[in-house]
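Asks: This is start_36.cif (mmCIF, C-alpha atoms).
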```cif
data_query
#
loop_
_atom_site.group_PDB
_atom_site.id
_atom_site.type_symbol
_atom_site.label_atom_id
_atom_site.label_comp_id
_atom_site.auth_asym_id
_atom_site.auth_seq_id
_atom_site.Cartn_x
_atom_site.Cartn_y
_atom_site.Cartn_z
ATOM 1 C CA MET A 1 -27.630 -16.651 9.711
ATOM 2 C CA TYR A 2 -23.884 -16.670 10.224
ATOM 3 C CA ASN A 3 -23.949 -19.774 12.433
ATOM 4 C CA GLU A 4 -25.661 -21.828 9.730
ATOM 5 C CA ILE A 5 -23.173 -21.158 6.930
ATOM 6 C CA THR A 6 -21.237 -24.164 5.639
ATOM 7 C CA LEU A 7 -17.581 -23.179 5.259
ATOM 8 C CA GLU A 8 -15.740 -24.772 2.339
ATOM 9 C CA LYS A 9 -12.257 -24.527 0.802
ATOM 10 C CA GLY A 10 -13.842 -23.446 -2.463
ATOM 11 C CA LEU A 11 -14.558 -19.999 -1.003
ATOM 12 C CA TYR A 12 -10.856 -19.244 -1.552
ATOM 13 C CA ASN A 13 -10.966 -20.159 -5.232
ATOM 14 C CA ILE A 14 -13.649 -17.881 -6.643
ATOM 15 C CA THR A 15 -12.072 -15.747 -9.356
ATOM 16 C CA GLY A 16 -12.039 -12.041 -8.604
ATOM 17 C CA LYS A 17 -13.205 -12.414 -4.993
ATOM 18 C CA THR A 18 -11.459 -12.599 -1.656
ATOM 19 C CA PHE A 19 -12.604 -15.161 0.896
ATOM 20 C CA THR A 20 -14.508 -12.474 2.809
ATOM 21 C CA GLU A 21 -16.235 -11.206 -0.335
ATOM 22 C CA ALA A 22 -17.334 -14.742 -1.209
ATOM 23 C CA LEU A 23 -18.485 -15.305 2.370
ATOM 24 C CA THR A 24 -20.427 -12.038 2.393
ATOM 25 C CA GLU A 25 -22.479 -13.239 -0.558
ATOM 26 C CA LEU A 26 -23.663 -16.096 1.663
ATOM 27 C CA ASP A 27 -24.035 -13.984 4.784
ATOM 28 C CA GLY A 28 -24.775 -10.350 3.913
ATOM 29 C CA ASP A 29 -23.978 -7.542 6.358
ATOM 30 C CA GLU A 30 -27.380 -5.890 5.915
ATOM 31 C CA GLY A 31 -29.106 -8.616 7.916
ATOM 32 C CA TYR A 32 -27.363 -7.565 11.134
ATOM 33 C CA LYS A 33 -28.334 -3.919 11.356
ATOM 34 C CA GLY A 34 -29.598 -3.075 14.838
ATOM 35 C CA THR A 35 -28.143 -6.256 16.371
ATOM 36 C CA GLU A 36 -25.070 -6.844 18.539
ATOM 37 C CA LEU A 37 -23.290 -8.120 15.429
ATOM 38 C CA GLU A 38 -23.664 -4.849 13.527
ATOM 39 C CA GLY A 39 -20.223 -3.567 12.540
ATOM 40 C CA LEU A 40 -18.703 -7.031 12.158
ATOM 41 C CA ASP A 41 -17.994 -8.311 8.663
ATOM 42 C CA ALA A 42 -18.742 -11.851 7.504
ATOM 43 C CA PHE A 43 -15.331 -13.184 8.550
ATOM 44 C CA GLU A 44 -15.503 -11.580 11.992
ATOM 45 C CA ARG A 45 -18.929 -13.112 12.524
ATOM 46 C CA GLN A 46 -17.425 -16.535 11.867
ATOM 47 C CA LEU A 47 -14.711 -15.877 14.455
ATOM 48 C CA LYS A 48 -17.500 -15.133 16.928
ATOM 49 C CA ARG A 49 -19.363 -18.283 15.866
ATOM 50 C CA PHE A 50 -16.384 -20.461 16.785
ATOM 51 C CA ASN A 51 -15.411 -18.299 19.767
ATOM 52 C CA ILE A 52 -11.939 -17.550 18.378
ATOM 53 C CA ARG A 53 -10.355 -14.505 20.029
ATOM 54 C CA VAL A 54 -7.530 -13.126 17.898
ATOM 55 C CA SER A 55 -6.412 -10.149 19.999
ATOM 56 C CA GLY A 56 -6.132 -8.861 23.536
ATOM 57 C CA PRO A 57 -4.874 -10.470 26.769
ATOM 58 C CA GLY A 58 -7.289 -13.386 26.360
ATOM 59 C CA SER A 59 -6.379 -14.204 22.768
ATOM 60 C CA ASP A 60 -6.512 -17.879 21.847
ATOM 61 C CA ARG A 61 -3.719 -20.068 20.552
ATOM 62 C CA VAL A 62 -3.306 -20.900 16.876
ATOM 63 C CA GLU A 63 -4.641 -24.423 17.484
ATOM 64 C CA LYS A 64 -8.086 -22.973 18.290
ATOM 65 C CA PHE A 65 -8.657 -22.569 14.543
ATOM 66 C CA PHE A 66 -8.231 -26.338 14.123
ATOM 67 C CA LYS A 67 -10.791 -27.496 16.669
ATOM 68 C CA THR A 68 -13.190 -28.327 13.832
ATOM 69 C CA THR A 69 -12.824 -28.824 10.092
ATOM 70 C CA GLN A 70 -15.017 -25.779 9.453
ATOM 71 C CA SER A 71 -13.155 -23.392 11.764
ATOM 72 C CA ALA A 72 -9.883 -24.464 10.077
ATOM 73 C CA ILE A 73 -11.230 -22.894 6.873
ATOM 74 C CA LEU A 74 -10.906 -19.487 8.561
ATOM 75 C CA PHE A 75 -7.167 -19.705 9.268
ATOM 76 C CA PRO A 76 -5.822 -18.643 5.833
ATOM 77 C CA GLU A 77 -8.031 -15.539 5.903
ATOM 78 C CA PHE A 78 -6.703 -14.652 9.354
ATOM 79 C CA VAL A 79 -3.161 -14.960 7.980
ATOM 80 C CA ARG A 80 -4.010 -12.900 4.890
ATOM 81 C CA ARG A 81 -5.621 -10.122 6.922
ATOM 82 C CA CYS A 82 -2.659 -9.805 9.254
ATOM 83 C CA ILE A 83 -0.209 -9.628 6.355
ATOM 84 C CA LYS A 84 -2.391 -7.060 4.598
ATOM 85 C CA ALA A 85 -2.626 -4.971 7.786
ATOM 86 C CA GLY A 86 1.163 -4.951 8.059
ATOM 87 C CA MET A 87 1.515 -3.971 4.422
ATOM 88 C CA ASP A 88 -1.006 -1.144 4.708
ATOM 89 C CA LYS A 89 0.654 0.238 7.837
ATOM 90 C CA ALA A 90 4.071 0.447 6.149
ATOM 91 C CA SER A 91 2.914 1.522 2.694
ATOM 92 C CA VAL A 92 3.674 4.938 1.195
ATOM 93 C CA LEU A 93 1.212 4.323 -1.657
ATOM 94 C CA PRO A 94 -1.658 6.287 -0.034
ATOM 95 C CA TYR A 95 0.529 9.411 -0.274
ATOM 96 C CA ILE A 96 1.668 9.052 -3.888
ATOM 97 C CA VAL A 97 -0.903 7.013 -5.854
ATOM 98 C CA ALA A 98 -3.675 8.829 -7.720
ATOM 99 C CA ALA A 99 -5.506 5.730 -8.979
ATOM 100 C CA GLN A 100 -5.546 1.992 -8.309
ATOM 101 C CA THR A 101 -6.366 -0.461 -11.080
ATOM 102 C CA TYR A 102 -6.968 -4.197 -10.795
ATOM 103 C CA THR A 103 -6.344 -6.455 -13.768
ATOM 104 C CA ASP A 104 -6.314 -10.177 -14.405
ATOM 105 C CA GLY A 105 -4.690 -9.720 -17.811
ATOM 106 C CA ILE A 106 -1.062 -10.344 -18.722
ATOM 107 C CA ASP A 107 -0.674 -7.019 -20.506
ATOM 108 C CA TYR A 108 -1.749 -3.611 -19.190
ATOM 109 C CA HIS A 109 -1.097 -0.163 -20.655
ATOM 110 C CA GLY A 110 -1.744 2.944 -18.614
ATOM 111 C CA VAL A 111 -2.375 6.426 -19.993
ATOM 112 C CA THR A 112 -0.112 9.458 -20.164
ATOM 113 C CA LEU A 113 -1.163 13.115 -20.365
ATOM 114 C CA THR A 114 0.996 15.510 -22.380
ATOM 115 C CA ASP A 115 0.377 19.215 -23.027
ATOM 116 C CA LYS A 116 0.986 20.004 -26.698
ATOM 117 C CA ASP A 117 -0.046 23.010 -28.782
ATOM 118 C CA GLY A 118 -1.414 26.245 -27.368
ATOM 119 C CA SER A 119 -1.080 28.092 -24.072
ATOM 120 C CA ASP A 120 -3.031 28.300 -20.856
ATOM 121 C CA SER A 121 -4.023 31.923 -21.428
ATOM 122 C CA ALA A 122 -7.421 33.108 -22.614
ATOM 123 C CA VAL A 123 -8.383 32.025 -26.127
ATOM 124 C CA LYS A 124 -9.367 34.673 -28.674
ATOM 125 C CA ALA A 125 -12.494 34.236 -30.758
ATOM 126 C CA GLY A 126 -11.871 31.799 -33.589
ATOM 127 C CA ALA A 127 -8.514 30.675 -32.207
ATOM 128 C CA ALA A 128 -7.707 27.031 -31.566
ATOM 129 C CA LEU A 129 -8.009 25.681 -28.061
ATOM 130 C CA PRO A 130 -4.843 24.387 -26.375
ATOM 131 C CA ILE A 131 -4.326 20.646 -26.725
ATOM 132 C CA THR A 132 -3.508 17.970 -24.178
ATOM 133 C CA SER A 133 -3.057 14.474 -25.562
ATOM 134 C CA VAL A 134 -4.231 11.392 -23.696
ATOM 135 C CA GLU A 135 -2.457 8.317 -25.022
ATOM 136 C CA ASN A 136 -1.746 4.760 -24.046
ATOM 137 C CA SER A 137 1.716 4.455 -22.587
ATOM 138 C CA GLU A 138 4.076 2.857 -25.084
ATOM 139 C CA ALA A 139 5.409 0.226 -22.706
ATOM 140 C CA ALA A 140 3.191 -2.202 -20.876
ATOM 141 C CA VAL A 141 3.162 -1.869 -17.102
ATOM 142 C CA ALA A 142 5.490 -4.453 -15.595
ATOM 143 C CA ILE A 143 3.474 -6.248 -12.910
ATOM 144 C CA SER A 144 5.859 -7.936 -10.497
ATOM 145 C CA LYS A 145 5.276 -10.419 -7.698
ATOM 146 C CA TYR A 146 6.447 -9.509 -4.203
ATOM 147 C CA GLY A 147 6.306 -12.017 -1.392
ATOM 148 C CA ARG A 148 7.947 -13.898 1.434
ATOM 149 C CA GLN A 149 7.637 -17.201 3.204
ATOM 150 C CA ILE A 150 7.843 -18.130 6.851
ATOM 151 C CA GLN A 151 9.488 -21.449 7.588
ATOM 152 C CA THR A 152 7.796 -23.222 10.469
ATOM 153 C CA VAL A 153 5.926 -26.399 11.407
ATOM 154 C CA TYR A 154 2.496 -26.792 12.911
ATOM 155 C CA GLU A 155 3.903 -28.348 16.093
ATOM 156 C CA VAL A 156 5.755 -25.094 16.794
ATOM 157 C CA LEU A 157 2.972 -22.847 15.604
ATOM 158 C CA ARG A 158 -0.014 -24.420 17.346
ATOM 159 C CA LYS A 159 0.786 -23.180 20.861
ATOM 160 C CA GLN A 160 1.485 -19.580 19.865
ATOM 161 C CA ARG A 161 -0.974 -16.907 20.972
ATOM 162 C CA LEU A 162 -2.843 -15.413 18.044
ATOM 163 C CA ASP A 163 -2.021 -11.820 18.998
ATOM 164 C CA LEU A 164 1.723 -12.630 18.976
ATOM 165 C CA PHE A 165 1.438 -14.567 15.717
ATOM 166 C CA ALA A 166 -0.410 -11.589 14.241
ATOM 167 C CA VAL A 167 2.586 -9.371 15.090
ATOM 168 C CA VAL A 168 4.875 -11.773 13.203
ATOM 169 C CA LEU A 169 2.599 -11.742 10.155
ATOM 170 C CA LYS A 170 2.236 -7.950 10.196
ATOM 171 C CA THR A 171 6.019 -7.616 10.356
ATOM 172 C CA MET A 172 6.337 -9.812 7.275
ATOM 173 C CA GLY A 173 3.713 -7.698 5.517
ATOM 174 C CA ALA A 174 5.695 -4.558 6.341
ATOM 175 C CA LYS A 175 8.792 -6.123 4.765
ATOM 176 C CA ILE A 176 6.887 -6.682 1.521
ATOM 177 C CA SER A 177 5.639 -3.093 1.549
ATOM 178 C CA GLY A 178 9.198 -1.848 1.944
ATOM 179 C CA VAL A 179 10.174 -3.444 -1.364
ATOM 180 C CA ILE A 180 7.001 -2.215 -3.083
ATOM 181 C CA ASN A 181 7.617 1.318 -1.780
ATOM 182 C CA LYS A 182 11.078 1.258 -3.372
ATOM 183 C CA ALA A 183 9.626 0.079 -6.699
ATOM 184 C CA ALA A 184 7.071 2.910 -6.651
ATOM 185 C CA ALA A 185 9.756 5.499 -5.822
ATOM 186 C CA ASP A 186 11.966 4.214 -8.645
ATOM 187 C CA LYS A 187 9.099 4.557 -11.123
ATOM 188 C CA LEU A 188 8.384 8.108 -9.955
ATOM 189 C CA ALA A 189 12.021 9.155 -10.362
ATOM 190 C CA GLU A 190 12.434 7.441 -13.730
ATOM 191 C CA SER A 191 13.555 9.876 -16.466
ATOM 192 C CA VAL A 192 13.173 12.913 -14.165
ATOM 193 C CA VAL A 193 15.985 15.480 -14.368
ATOM 194 C CA SER A 194 16.956 16.276 -10.791
ATOM 195 C CA SER A 195 17.853 19.614 -9.239
ATOM 196 C CA ASP A 196 20.592 20.098 -6.628
ATOM 197 C CA THR A 197 20.707 21.709 -3.215
ATOM 198 C CA ALA A 198 22.523 25.032 -2.953
ATOM 199 C CA SER A 199 25.248 23.584 -0.711
ATOM 200 C CA THR A 200 26.509 20.232 0.521
ATOM 201 C CA ALA A 201 23.918 20.077 3.317
ATOM 202 C CA ILE A 202 20.176 20.329 2.920
ATOM 203 C CA ALA A 203 18.636 23.596 4.121
ATOM 204 C CA TYR A 204 15.081 24.745 4.691
ATOM 205 C CA SER A 205 15.415 27.073 1.703
ATOM 206 C CA ASP A 206 16.168 24.032 -0.471
ATOM 207 C CA LEU A 207 12.903 22.423 0.601
ATOM 208 C CA ALA A 208 10.939 25.615 -0.009
ATOM 209 C CA SER A 209 12.444 26.063 -3.485
ATOM 210 C CA PHE A 210 11.856 22.416 -4.272
ATOM 211 C CA TRP A 211 8.197 22.754 -3.239
ATOM 212 C CA ALA A 212 7.807 25.390 -5.963
ATOM 213 C CA ALA A 213 9.544 23.226 -8.576
ATOM 214 C CA LEU A 214 6.342 21.603 -9.852
ATOM 215 C CA GLY A 215 5.003 24.912 -11.153
ATOM 216 C CA ASN A 216 1.270 24.544 -11.796
ATOM 217 C CA ARG A 217 1.176 21.211 -9.969
ATOM 218 C CA ASN A 218 0.615 21.095 -6.233
ATOM 219 C CA MET A 219 3.378 19.160 -4.460
ATOM 220 C CA SER A 220 1.535 17.256 -1.740
ATOM 221 C CA CYS A 221 4.236 14.860 -0.582
ATOM 222 C CA MET A 222 8.005 14.450 -0.411
ATOM 223 C CA LEU A 223 9.428 10.943 -0.155
ATOM 224 C CA ILE A 224 12.633 10.975 1.879
ATOM 225 C CA SER A 225 14.975 8.433 3.477
ATOM 226 C CA PRO A 226 15.075 8.091 7.290
ATOM 227 C CA ALA A 227 18.645 9.442 7.491
ATOM 228 C CA LEU A 228 17.885 12.512 5.398
ATOM 229 C CA LEU A 229 14.573 13.072 7.169
ATOM 230 C CA ALA A 230 16.450 13.213 10.484
ATOM 231 C CA LYS A 231 18.607 16.015 9.090
ATOM 232 C CA VAL A 232 15.548 17.902 7.866
ATOM 233 C CA LEU A 233 13.855 17.575 11.256
ATOM 234 C CA ALA A 234 16.962 19.031 12.894
ATOM 235 C CA LEU A 235 16.518 22.285 10.945
ATOM 236 C CA THR A 236 15.431 25.208 13.122
ATOM 237 C CA GLU A 237 12.490 25.983 10.862
ATOM 238 C CA MET A 238 11.076 22.488 11.477
ATOM 239 C CA SER A 239 11.160 22.708 15.276
ATOM 240 C CA ASP A 240 7.417 23.289 15.644
ATOM 241 C CA CYS A 241 6.374 20.584 13.184
ATOM 242 C CA THR A 242 4.773 17.426 14.530
ATOM 243 C CA GLY A 243 4.046 14.028 13.056
ATOM 244 C CA ASP A 244 0.889 11.965 12.935
ATOM 245 C CA GLN A 245 0.491 8.421 14.288
ATOM 246 C CA ASP A 246 2.209 7.037 11.184
ATOM 247 C CA GLY A 247 5.245 9.292 11.599
ATOM 248 C CA VAL A 248 4.354 11.545 8.665
ATOM 249 C CA ILE A 249 5.580 15.124 9.214
ATOM 250 C CA THR A 250 3.834 18.150 7.709
ATOM 251 C CA THR A 251 6.072 21.084 6.777
ATOM 252 C CA PRO A 252 5.104 24.704 7.498
ATOM 253 C CA PHE A 253 4.139 25.036 3.816
ATOM 254 C CA GLY A 254 1.783 22.049 3.964
ATOM 255 C CA VAL A 255 3.791 19.304 2.248
ATOM 256 C CA LYS A 256 3.891 15.892 3.953
ATOM 257 C CA LEU A 257 7.334 14.390 4.549
ATOM 258 C CA VAL A 258 6.927 10.622 4.181
ATOM 259 C CA LYS A 259 9.721 8.297 5.310
ATOM 260 C CA CYS A 260 10.768 5.831 2.596
ATOM 261 C CA PRO A 261 13.592 3.555 3.831
ATOM 262 C CA GLY A 262 14.443 2.220 0.372
ATOM 263 C CA LEU A 263 15.253 5.662 -0.971
ATOM 264 C CA ALA A 264 18.873 6.851 -1.378
ATOM 265 C CA ASP A 265 20.069 9.208 1.368
ATOM 266 C CA ASP A 266 20.852 11.952 -1.170
ATOM 267 C CA THR A 267 17.418 11.988 -2.820
ATOM 268 C CA VAL A 268 14.047 13.634 -2.196
ATOM 269 C CA ILE A 269 11.109 12.891 -4.508
ATOM 270 C CA GLY A 270 8.331 15.470 -4.662
ATOM 271 C CA VAL A 271 4.909 14.302 -5.833
ATOM 272 C CA ASP A 272 1.539 15.752 -6.720
ATOM 273 C CA LYS A 273 -0.502 12.788 -5.548
ATOM 274 C CA SER A 274 -3.565 13.812 -7.543
ATOM 275 C CA CYS A 275 -2.043 12.905 -10.909
ATOM 276 C CA ALA A 276 1.422 11.369 -10.539
ATOM 277 C CA LEU A 277 1.135 7.607 -10.333
ATOM 278 C CA GLU A 278 -1.160 4.655 -11.072
ATOM 279 C CA ALA A 279 -0.807 1.412 -9.113
ATOM 280 C CA VAL A 280 -1.810 -1.657 -11.117
ATOM 281 C CA PHE A 281 -2.572 -4.742 -9.030
ATOM 282 C CA GLY A 282 -2.498 -8.178 -10.617
ATOM 283 C CA SER A 283 -3.681 -9.734 -7.362
ATOM 284 C CA ASP A 284 -4.544 -8.969 -3.779
ATOM 285 C CA VAL A 285 -2.511 -10.679 -1.051
ATOM 286 C CA ILE A 286 -2.479 -14.407 -1.806
ATOM 287 C CA VAL A 287 -1.656 -17.156 0.700
ATOM 288 C CA ASP A 288 -1.352 -20.912 0.179
ATOM 289 C CA SER A 289 -4.741 -21.743 1.691
ATOM 290 C CA GLU A 290 -4.583 -25.506 1.073
ATOM 291 C CA LYS A 291 -1.606 -26.121 3.362
ATOM 292 C CA LEU A 292 -2.923 -23.800 6.035
ATOM 293 C CA ILE A 293 -6.326 -25.436 6.160
ATOM 294 C CA SER A 294 -4.918 -28.959 6.406
ATOM 295 C CA ASN A 295 -2.325 -27.838 9.010
ATOM 296 C CA GLN A 296 0.367 -29.606 6.953
ATOM 297 C CA ILE A 297 2.507 -26.525 7.481
ATOM 298 C CA ASP A 298 6.211 -26.432 6.692
ATOM 299 C CA ASN A 299 6.114 -22.850 5.485
ATOM 300 C CA ILE A 300 3.632 -20.025 5.043
ATOM 301 C CA ALA A 301 4.008 -18.393 1.627
ATOM 302 C CA PHE A 302 2.297 -15.179 0.624
ATOM 303 C CA SER A 303 2.591 -12.697 -2.211
ATOM 304 C CA VAL A 304 1.020 -9.773 -4.014
ATOM 305 C CA SER A 305 1.415 -8.639 -7.641
ATOM 306 C CA VAL A 306 1.649 -4.944 -8.491
ATOM 307 C CA GLY A 307 3.218 -2.563 -10.990
ATOM 308 C CA PHE A 308 3.307 1.206 -11.477
ATOM 309 C CA ALA A 309 2.757 3.684 -14.295
ATOM 310 C CA LYS A 310 3.278 7.446 -14.330
ATOM 311 C CA ILE A 311 0.255 9.464 -15.398
ATOM 312 C CA CYS A 312 1.548 13.050 -15.627
ATOM 313 C CA THR A 313 5.307 13.288 -16.023
ATOM 314 C CA ASP A 314 5.340 16.890 -14.769
ATOM 315 C CA ALA A 315 3.782 15.860 -11.440
ATOM 316 C CA VAL A 316 7.113 14.570 -10.085
ATOM 317 C CA ALA A 317 10.356 16.355 -9.174
ATOM 318 C CA VAL A 318 13.636 15.053 -7.752
ATOM 319 C CA LEU A 319 16.056 16.881 -5.458
ATOM 320 C CA LYS A 320 19.649 15.731 -4.937
ATOM 321 C CA VAL A 321 21.685 16.722 -1.882
ATOM 322 C CA LYS A 322 25.247 17.525 -3.032
ATOM 323 C CA GLY A 323 27.043 16.388 0.078
ATOM 324 C CA GLU A 324 25.393 12.993 0.490
#
```
What's the structure tokens form of this structure?

Replies:
Amino acid sequence: MYNEITLEKGLYNITGKTFTEALTELDGDEGYKGTELEGLDAFERQLKRFNIRVSGPGSDRVEKFFKTTQSAILFPEFVRRCIKAGMDKASVLPYIVAAQTYTDGIDYHGVTLTDKDGSDSAVKAGAALPITSVENSEAAVAISKYGRQIQTVYEVLRKQRLDLFAVVLKTMGAKISGVINKAAADKLAESVVSSDTASTAIAYSDLASFWAALGNRNMSCMLISPALLAKVLALTEMSDCTGDQDGVITTPFGVKLVKCPGLADDTVIGVDKSCALEAVFGSDVIVDSEKLISNQIDNIAFSVSVGFAKICTDAVAVLKVKGE
């Protein structure tokens, strides 16, 4: 049972597994079906074991994690989860990435699809079928590390409420996602010949024409800067459009307008999510667990490694606004 598990630092050092995945192997979820603990994962069950409340008006202080040597083991995972939640909330990757790959290698090559000989019309008897080549991309995917560190000391941190500290960590995670979003947008736009708006200000007709620019591909998303998105939302034709809880606006023709703060104010990137981009992760979110467990905290460092590769080059289009 969850309250009999011995928590050890080594759970953070198992190759290819997060702390929660390693913990789940010791305390499987299936054993809690039909009980009051159903729906909690292995980490959340440990929070309950040590009576650590991480949210709500009655949330505990950071020092609650350090009441025992075993409960202290849980603190780095709490930090990692908050950072990851902030990253996920701010990420545009769910709208533009067709596939996610995880690698522990130092060299990764994606694949590219290119239509070659033949046409898409019916094939006559005895005629050759049209050809699409699937090849390794020539250049290896550049996997880069993105991270931040919070400078603090345990004496300052220990009295902070966990729900407030979670907000700080989620904000830091969102900052990391902002940089990753920009890297993904840059990869999408790489080597794409852009089209221009008809005049110096963006019009609804420009968006409609741009939507059709992918031809046989289905443009599902447009990445757009906050400033340019504000101008689009001011168009009369967009007056009845509403956003979801993440601020994503759906146009009358079904394309999602996704705010991307790192994007230039004169640029819109249109994407067919189903085949445009591959995200290659070299790691999940990593935190310095040793310092956090021992509470010898002078900073909290965290990072994630990721790179991007285009799959179908014709699944991306770029629109430039003349007047911006």

Asks: What gap, in Å, lies between CA of Asp115 in chain A and CA of Gln100 in chain A?

Replies: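 The value is 23.4 Å.
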
Asks: Measuring between all atoms listed in the file, which one of A:Ile176, A:Val306, A:Val285, A:Val280 shows the shortest distance to Ala99 in chain A?

Replies: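 Looking at the shortest contact to Ala99 in chain A, the residue is A:Val280.
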
Asks: Residues near Leu233 in chain A, anyone? I mean within 10 Å using only C-alpha atoms, not counting same-chain ones fewer than 4 positions away, as a VMD selection string.

Replies: chain A and resid 204 228 to 229 237 to 242 249 251 257

Asks: Please, could you write that set of residues out with C-alpha atoms as an mmCIF file, in the coordinates of the input?

Replies:
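Written file, out09.cif:
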```cif
data_model
loop_
_atom_site.group_PDB
_atom_site.id
_atom_site.type_symbol
_atom_site.label_atom_id
_atom_site.label_comp_id
_atom_site.auth_asym_id
_atom_site.auth_seq_id
_atom_site.Cartn_x
_atom_site.Cartn_y
_atom_site.Cartn_z
ATOM 1 C CA TYR A 204 15.081 24.745 4.691
ATOM 2 C CA LEU A 228 17.885 12.512 5.398
ATOM 3 C CA LEU A 229 14.573 13.072 7.169
ATOM 4 C CA GLU A 237 12.490 25.983 10.862
ATOM 5 C CA MET A 238 11.076 22.488 11.477
ATOM 6 C CA SER A 239 11.160 22.708 15.276
ATOM 7 C CA ASP A 240 7.417 23.289 15.644
ATOM 8 C CA CYS A 241 6.374 20.584 13.184
ATOM 9 C CA THR A 242 4.773 17.426 14.530
ATOM 10 C CA ILE A 249 5.580 15.124 9.214
ATOM 11 C CA THR A 251 6.072 21.084 6.777
ATOM 12 C CA LEU A 257 7.334 14.390 4.549
#
```

Asks: Give the answer as one residue: which of A:Lys89, A:Lys182, A:Lys64, A:His109 has the shortest atom-to-atom distance to Arg158 in chain A, using only C-alpha atoms?

Replies: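 That would be A:Lys64, the residue with the smallest distance to Arg158 in chain A.
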
Asks: Of the residues A:Met219, A:Met172, A:Ala279, A:Val192, which is the one nearest to Lys84 in chain A, using only C-alpha atoms?

Replies: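 The closest residue to Lys84 in chain A is A:Met172.
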
Asks: Env of Phe75 in chain A: 8 Å cut, atoms = only C-alpha atoms, seq-sep filter 3 positions within chain, self excluded. Answer as an MDAnalysis selection string.

Replies: chainID A and resid 65 71:72 78:79 292:293

Asks: Suppose we keep C-alpha atoms; can you now write the selection as a tab-separated table (two decimals), in the frame of the given file?

Replies:
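Output file out15.tsv follows:
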```
chain	number	residue	atom	x	y	z
A	65	PHE	CA	-8.66	-22.57	14.54
A	71	SER	CA	-13.16	-23.39	11.76
A	72	ALA	CA	-9.88	-24.46	10.08
A	78	PHE	CA	-6.70	-14.65	9.35
A	79	VAL	CA	-3.16	-14.96	7.98
A	292	LEU	CA	-2.92	-23.80	6.04
A	293	ILE	CA	-6.33	-25.44	6.16
```

Asks: One number please: CA of Gly178 in chain A to CA of Leu263 in chain A, in Å, one decimal.

Replies: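 The value is 10.1 Å.
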
Asks: Of the residues A:Thr152, A:Thr200, A:Thr313, A:Ser305, which is the one nearest to Ser283 in chain A, using only C-alpha atoms?

Replies: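 Of the candidates, the smallest distance to Ser283 in chain A is held by A:Ser305.
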
Asks: With the file shown as input, list the residues that the PyMOL selection byres ((chain A and resi 211) around 10) selects, as a list in words.

Replies: Ser205, Asp206, Leu207, Ala208, Ser209, Phe210, Ala212, Ala213, Leu214, Gly215, Arg217, Asn218, Met219, Ser220, Cys221, Met222, Phe253, Gly254, Val255, Gly270, Val271 and Ala317 of chain A

Asks: To one decimal in Å, tell me the separation between CA of Tyr2 in chain A and CA of Thr35 in chain A.

Replies: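 According to the coordinates, CA of Tyr2 in chain A and CA of Thr35 in chain A are separated by 12.8 Å.
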
Asks: Can you turn the PyMOL selection byres ((chain A and resi 309) around 9) into a concrete residue list for this file, as a PyMOL selection string?

Replies: chain A and resi 109-112+137+140-142+184+187-188+276-280+307-308+310-311

Asks: For Ser91 in chain A, find every residue with an atom within 10 Å (counting only C-alpha atoms), except residues of its own chain fewer than 6 positions away, and show them as a list in words.

Replies: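 The neighbour list is Ala85, Gly173, Ala174, Lys175, Ile176, Ser177, Gly178, Val179, Ile180, Asn181, Lys259 and Cys260 of chain A.
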
Asks: Reconstruct range 277-287 of chain A at the level of N, CA and C atoms, and format the result as a tab-separated table (two decimals), in the frame of the given file.

Replies:
```
chain	number	residue	atom	x	y	z
A	277	LEU	N	0.83	9.03	-10.21
A	277	LEU	CA	1.14	7.61	-10.33
A	277	LEU	C	-0.13	6.75	-10.29
A	278	GLU	N	-0.12	5.68	-11.10
A	278	GLU	CA	-1.16	4.66	-11.07
A	278	GLU	C	-0.55	3.36	-10.55
A	279	ALA	N	-1.21	2.73	-9.60
A	279	ALA	CA	-0.81	1.41	-9.11
A	279	ALA	C	-1.69	0.37	-9.77
A	280	VAL	N	-1.08	-0.62	-10.40
A	280	VAL	CA	-1.81	-1.66	-11.12
A	280	VAL	C	-1.60	-2.98	-10.40
A	281	PHE	N	-2.66	-3.51	-9.80
A	281	PHE	CA	-2.57	-4.74	-9.03
A	281	PHE	C	-3.01	-5.93	-9.89
A	282	GLY	N	-2.14	-6.93	-9.95
A	282	GLY	CA	-2.50	-8.18	-10.62
A	282	GLY	C	-3.17	-9.15	-9.67
A	283	SER	N	-3.03	-8.90	-8.37
A	283	SER	CA	-3.68	-9.73	-7.36
A	283	SER	C	-3.70	-8.99	-6.05
A	284	ASP	N	-4.61	-9.39	-5.17
A	284	ASP	CA	-4.54	-8.97	-3.78
A	284	ASP	C	-3.53	-9.89	-3.09
A	285	VAL	N	-3.40	-9.78	-1.79
A	285	VAL	CA	-2.51	-10.68	-1.05
A	285	VAL	C	-3.02	-12.10	-1.20
A	286	ILE	N	-2.13	-13.00	-1.61
A	286	ILE	CA	-2.48	-14.41	-1.81
A	286	ILE	C	-1.68	-15.25	-0.82
A	287	VAL	N	-2.34	-16.19	-0.16
A	287	VAL	CA	-1.66	-17.16	0.70
A	287	VAL	C	-1.99	-18.56	0.21
```
